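See below for upload_11.pdb, which holds PDB, C-alpha atoms, pLDDT in the B column.
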MODEL        1
ATOM      1  CA  MET A   1     -12.924 -14.916   8.540  1.00 48.00           C
ATOM      2  CA  SER A   2     -14.027 -13.274   5.292  1.00 46.00           C
ATOM      3  CA  GLU A   3     -11.756 -12.737   2.295  1.00 48.00           C
ATOM      4  CA  PRO A   4     -10.587  -9.154   1.667  1.00 48.00           C
ATOM      5  CA  ASN A   5     -12.478  -7.523  -1.163  1.00 49.00           C
ATOM      6  CA  ASP A   6     -10.151  -5.974  -3.770  1.00 51.00           C
ATOM      7  CA  GLU A   7     -12.970  -4.025  -5.405  1.00 45.00           C
ATOM      8  CA  PRO A   8     -13.954  -0.584  -4.074  1.00 49.00           C
ATOM      9  CA  SER A   9     -17.431  -0.557  -2.525  1.00 53.00           C
ATOM     10  CA  ASP A  10     -18.834   1.700  -5.278  1.00 54.00           C
ATOM     11  CA  VAL A  11     -17.884  -0.698  -8.091  1.00 45.00           C
ATOM     12  CA  PRO A  12     -20.884  -2.400  -9.684  1.00 50.00           C
ATOM     13  CA  SER A  13     -20.793  -6.168  -9.455  1.00 55.00           C
ATOM     14  CA  GLY A  14     -19.169  -7.784 -12.473  1.00 53.00           C
ATOM     15  CA  VAL A  15     -16.943  -4.769 -13.241  1.00 48.00           C
ATOM     16  CA  PRO A  16     -13.259  -5.445 -12.560  1.00 55.00           C
ATOM     17  CA  ALA A  17     -11.793  -3.103  -9.960  1.00 58.00           C
ATOM     18  CA  LYS A  18      -8.779  -2.425 -12.181  1.00 65.00           C
ATOM     19  CA  SER A  19     -11.112  -1.128 -14.895  1.00 73.00           C
ATOM     20  CA  VAL A  20     -12.596   1.340 -12.432  1.00 76.00           C
ATOM     21  CA  GLU A  21      -9.124   2.357 -11.247  1.00 81.00           C
ATOM     22  CA  VAL A  22      -8.051   3.013 -14.835  1.00 79.00           C
ATOM     23  CA  GLU A  23     -11.225   5.017 -15.426  1.00 80.00           C
ATOM     24  CA  ARG A  24     -10.479   7.161 -12.389  1.00 86.00           C
ATOM     25  CA  LEU A  25      -6.854   7.649 -13.409  1.00 85.00           C
ATOM     26  CA  VAL A  26      -7.840   8.690 -16.931  1.00 84.00           C
ATOM     27  CA  ASP A  27     -10.384  11.150 -15.515  1.00 86.00           C
ATOM     28  CA  MET A  28      -7.751  12.579 -13.163  1.00 91.00           C
ATOM     29  CA  VAL A  29      -5.226  13.029 -15.987  1.00 91.00           C
ATOM     30  CA  GLU A  30      -7.878  14.686 -18.183  1.00 90.00           C
ATOM     31  CA  ALA A  31      -8.843  17.045 -15.356  1.00 93.00           C
ATOM     32  CA  LEU A  32      -5.205  17.919 -14.699  1.00 96.00           C
ATOM     33  CA  PHE A  33      -4.546  18.698 -18.355  1.00 96.00           C
ATOM     34  CA  ASP A  34      -7.727  20.803 -18.528  1.00 95.00           C
ATOM     35  CA  GLU A  35      -6.687  22.734 -15.428  1.00 97.00           C
ATOM     36  CA  VAL A  36      -3.115  23.538 -16.473  1.00 98.00           C
ATOM     37  CA  ILE A  37      -4.173  24.362 -20.048  1.00 97.00           C
ATOM     38  CA  ASP A  38      -6.871  26.738 -18.784  1.00 97.00           C
ATOM     39  CA  GLN A  39      -4.369  28.400 -16.425  1.00 98.00           C
ATOM     40  CA  GLN A  40      -1.784  28.815 -19.175  1.00 98.00           C
ATOM     41  CA  ALA A  41      -4.387  30.124 -21.659  1.00 97.00           C
ATOM     42  CA  ALA A  42      -5.443  32.744 -19.100  1.00 98.00           C
ATOM     43  CA  LYS A  43      -1.811  33.734 -18.569  1.00 98.00           C
ATOM     44  CA  VAL A  44      -1.236  34.040 -22.324  1.00 98.00           C
ATOM     45  CA  LEU A  45      -4.330  36.261 -22.641  1.00 98.00           C
ATOM     46  CA  VAL A  46      -3.112  38.557 -19.839  1.00 98.00           C
ATOM     47  CA  ILE A  47       0.315  38.887 -21.467  1.00 98.00           C
ATOM     48  CA  ALA A  48      -1.265  39.493 -24.866  1.00 98.00           C
ATOM     49  CA  ASN A  49      -3.388  42.298 -23.420  1.00 98.00           C
ATOM     50  CA  GLU A  50      -0.323  43.889 -21.834  1.00 98.00           C
ATOM     51  CA  VAL A  51       1.247  44.044 -25.298  1.00 97.00           C
ATOM     52  CA  HIS A  52      -1.891  44.898 -27.268  1.00 97.00           C
ATOM     53  CA  PRO A  53      -4.860  45.929 -25.068  1.00 97.00           C
ATOM     54  CA  GLY A  54      -8.321  44.718 -25.990  1.00 97.00           C
ATOM     55  CA  LEU A  55      -7.436  41.344 -27.479  1.00 97.00           C
ATOM     56  CA  THR A  56      -9.800  38.432 -27.033  1.00 96.00           C
ATOM     57  CA  SER A  57      -8.925  34.763 -26.660  1.00 94.00           C
ATOM     58  CA  ASP A  58      -9.844  34.332 -30.338  1.00 95.00           C
ATOM     59  CA  ASP A  59      -7.415  37.123 -31.290  1.00 96.00           C
ATOM     60  CA  VAL A  60      -4.643  35.435 -29.321  1.00 95.00           C
ATOM     61  CA  MET A  61      -5.097  32.278 -31.383  1.00 94.00           C
ATOM     62  CA  GLN A  62      -4.117  34.363 -34.459  1.00 95.00           C
ATOM     63  CA  PRO A  63      -1.119  36.344 -33.128  1.00 95.00           C
ATOM     64  CA  HIS A  64       0.281  36.937 -36.616  1.00 95.00           C
ATOM     65  CA  ASP A  65      -2.634  39.350 -37.165  1.00 96.00           C
ATOM     66  CA  PHE A  66      -1.068  41.660 -34.557  1.00 97.00           C
ATOM     67  CA  ALA A  67       2.529  42.564 -35.403  1.00 97.00           C
ATOM     68  CA  ASP A  68       3.351  43.870 -31.910  1.00 97.00           C
ATOM     69  CA  LEU A  69       2.030  40.715 -30.266  1.00 97.00           C
ATOM     70  CA  TYR A  70       3.689  38.393 -32.755  1.00 96.00           C
ATOM     71  CA  ALA A  71       7.034  40.108 -32.167  1.00 97.00           C
ATOM     72  CA  ASP A  72       6.866  39.930 -28.376  1.00 97.00           C
ATOM     73  CA  PRO A  73       9.274  37.271 -27.043  1.00 98.00           C
ATOM     74  CA  ILE A  74       7.472  36.821 -23.712  1.00 98.00           C
ATOM     75  CA  PHE A  75       4.172  36.214 -25.484  1.00 98.00           C
ATOM     76  CA  GLN A  76       5.852  33.778 -27.870  1.00 97.00           C
ATOM     77  CA  PHE A  77       7.428  31.891 -24.979  1.00 98.00           C
ATOM     78  CA  GLU A  78       4.203  31.553 -22.969  1.00 98.00           C
ATOM     79  CA  ASP A  79       2.163  30.744 -26.077  1.00 97.00           C
ATOM     80  CA  GLY A  80       4.720  28.039 -26.886  1.00 97.00           C
ATOM     81  CA  ILE A  81       4.208  26.519 -23.444  1.00 98.00           C
ATOM     82  CA  LEU A  82       0.457  26.492 -24.086  1.00 98.00           C
ATOM     83  CA  ALA A  83       0.966  24.800 -27.452  1.00 97.00           C
ATOM     84  CA  GLY A  84       3.210  22.214 -25.785  1.00 97.00           C
ATOM     85  CA  LEU A  85       0.617  21.461 -23.115  1.00 97.00           C
ATOM     86  CA  ARG A  86      -2.051  20.979 -25.766  1.00 96.00           C
ATOM     87  CA  ALA A  87       0.258  18.728 -27.779  1.00 96.00           C
ATOM     88  CA  ALA A  88       1.024  16.676 -24.671  1.00 95.00           C
ATOM     89  CA  GLN A  89      -2.688  16.289 -23.956  1.00 94.00           C
ATOM     90  CA  VAL A  90      -3.314  14.997 -27.466  1.00 92.00           C
ATOM     91  CA  ALA A  91      -0.325  12.642 -27.286  1.00 91.00           C
ATOM     92  CA  VAL A  92      -1.384  11.208 -23.927  1.00 89.00           C
ATOM     93  CA  ARG A  93      -4.969  10.776 -25.108  1.00 86.00           C
ATOM     94  CA  SER A  94      -3.808   9.051 -28.241  1.00 85.00           C
ATOM     95  CA  ARG A  95      -1.521   6.643 -26.426  1.00 84.00           C
ATOM     96  CA  VAL A  96      -3.814   5.917 -23.482  1.00 82.00           C
ATOM     97  CA  TYR A  97      -6.952   5.477 -25.513  1.00 77.00           C
ATOM     98  CA  ARG A  98      -5.243   3.390 -28.176  1.00 77.00           C
ATOM     99  CA  ASP A  99      -3.338   1.161 -25.771  1.00 77.00           C
ATOM    100  CA  LEU A 100      -6.237   0.690 -23.363  1.00 73.00           C
ATOM    101  CA  GLY A 101      -8.714   0.030 -26.147  1.00 69.00           C
ATOM    102  CA  PHE A 102     -11.072   2.906 -25.463  1.00 64.00           C
ATOM    103  CA  ARG A 103     -13.764   3.442 -28.064  1.00 56.00           C
ATOM    104  CA  ASN A 104     -13.357   7.189 -28.348  1.00 56.00           C
ATOM    105  CA  LEU A 105     -11.993  10.278 -26.695  1.00 55.00           C
ATOM    106  CA  PRO A 106     -13.809  11.865 -23.797  1.00 58.00           C
ATOM    107  CA  PRO A 107     -16.348  14.547 -24.599  1.00 58.00           C
ATOM    108  CA  PRO A 108     -15.367  18.172 -23.910  1.00 57.00           C
ATOM    109  CA  GLY A 109     -15.095  18.563 -20.176  1.00 57.00           C
ATOM    110  CA  GLY A 110     -13.841  15.029 -19.591  1.00 57.00           C
ATOM    111  CA  GLY A 111     -15.625  11.774 -19.071  1.00 55.00           C
ATOM    112  CA  PHE A 112     -14.776   8.175 -19.618  1.00 51.00           C
ATOM    113  CA  ALA A 113     -15.603   6.410 -22.885  1.00 52.00           C
ATOM    114  CA  GLY A 114     -14.875   2.937 -21.547  1.00 51.00           C
ATOM    115  CA  PRO A 115     -12.894   0.128 -23.087  1.00 49.00           C
ATOM    116  CA  ALA A 116     -13.916  -1.132 -26.500  1.00 47.00           C
ATOM    117  CA  SER A 117     -15.187  -4.665 -26.619  1.00 43.00           C
ATOM    118  CA  GLY A 118     -12.562  -7.175 -27.539  1.00 44.00           C
ATOM    119  CA  GLY A 119      -9.584  -5.565 -25.835  1.00 43.00           C
ATOM    120  CA  LYS A 120      -7.235  -3.145 -27.537  1.00 42.00           C
ATOM    121  CA  GLY A 121      -8.707  -0.935 -30.203  1.00 41.00           C
ATOM    122  CA  GLY A 122      -7.222  -0.601 -33.602  1.00 38.00           C
TER
ENDMDL
END
Mind turning this structure into structure tokens?
Amino acid sequence: MSEPNDEPSDVPSGVPAKSVEVERLVDMVEALFDEVIDQQAAKVLVIANEVHPGLTSDDVMQPHDFADLYADPIFQFEDGILAGLRAAQVAVRSRVYRDLGFRNLPPPGGGFAGPASGGKGG
């Protein structure tokens, strides 16, 4: 009777399965943040264009340049949610990458940087 293999079949030999699981989890969290941030940014742009037609995503990042937009409570609320999502993404990245010893943050669009040699980074 053979021993059960704890490592997924696509894990290269010599790479701990837990490392691969962490990599997958980090990628999933990154993808989730990217998805909800993109959805919220699109929603903010739609609301901004209802208040002040013709605005671009760059314009929306500078709402104080448009008095009507800046004064709109619905825009402010939704833009605040977007800012909170972005802050949460940065906080999670900071904690996960620091505590797991990753060398650097993922490139735009995700990706796994891998653990730094020697354990936790610092």
Query raised in the report: Looking at A:Val60, A:Ala88, A:Ala31, A:Val20, which one is nearest to Ile47 of chain A, with distances taken over all atoms listed in the file?
Result: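 Closest to Ile47 of chain A of all the choices is A:Val60.
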Report task. Using the chain letters and numbering of this document, enumerate as a ChimeraX atom specification the residues selected by the PyMOL selection byres ((chain A and resi 80-84) around 12). Result -> /A:33-45,60-61,63,70,73-79,85-91
Query raised in the report: List as a list in words: which residues have an atom within 7 Å of (-7.0, 9.3, -22.5), counting all atoms listed in the file?
Result: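 Final list of nearby residues, as requested, is Val26, Glu30, Val92, Arg93, Ser94, Val96, Tyr97 and Leu105 of chain A.
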Could you save those same residues with C-alpha atoms as a PDB file, keeping the file's coordinate frame?
ATOM      1  CA  VAL A  26      -7.840   8.690 -16.931  1.00 84.00           C
ATOM      2  CA  GLU A  30      -7.878  14.686 -18.183  1.00 90.00           C
ATOM      3  CA  VAL A  92      -1.384  11.208 -23.927  1.00 89.00           C
ATOM      4  CA  ARG A  93      -4.969  10.776 -25.108  1.00 86.00           C
ATOM      5  CA  SER A  94      -3.808   9.051 -28.241  1.00 85.00           C
ATOM      6  CA  VAL A  96      -3.814   5.917 -23.482  1.00 82.00           C
ATOM      7  CA  TYR A  97      -6.952   5.477 -25.513  1.00 77.00           C
ATOM      8  CA  LEU A 105     -11.993  10.278 -26.695  1.00 55.00           C
TER       9      LEU A 105
END
Could the centre and edge lengths of an axis-aligned box, enclosing all atoms of segment 64-69 of chain A in the file with 5 Å extra on each side, be given in Å to one decimal as AutoDock Vina command-line options?
--center_x 0.4 --center_y 40.4 --center_z -33.7 --size_x 16.0 --size_y 16.9 --size_z 16.9
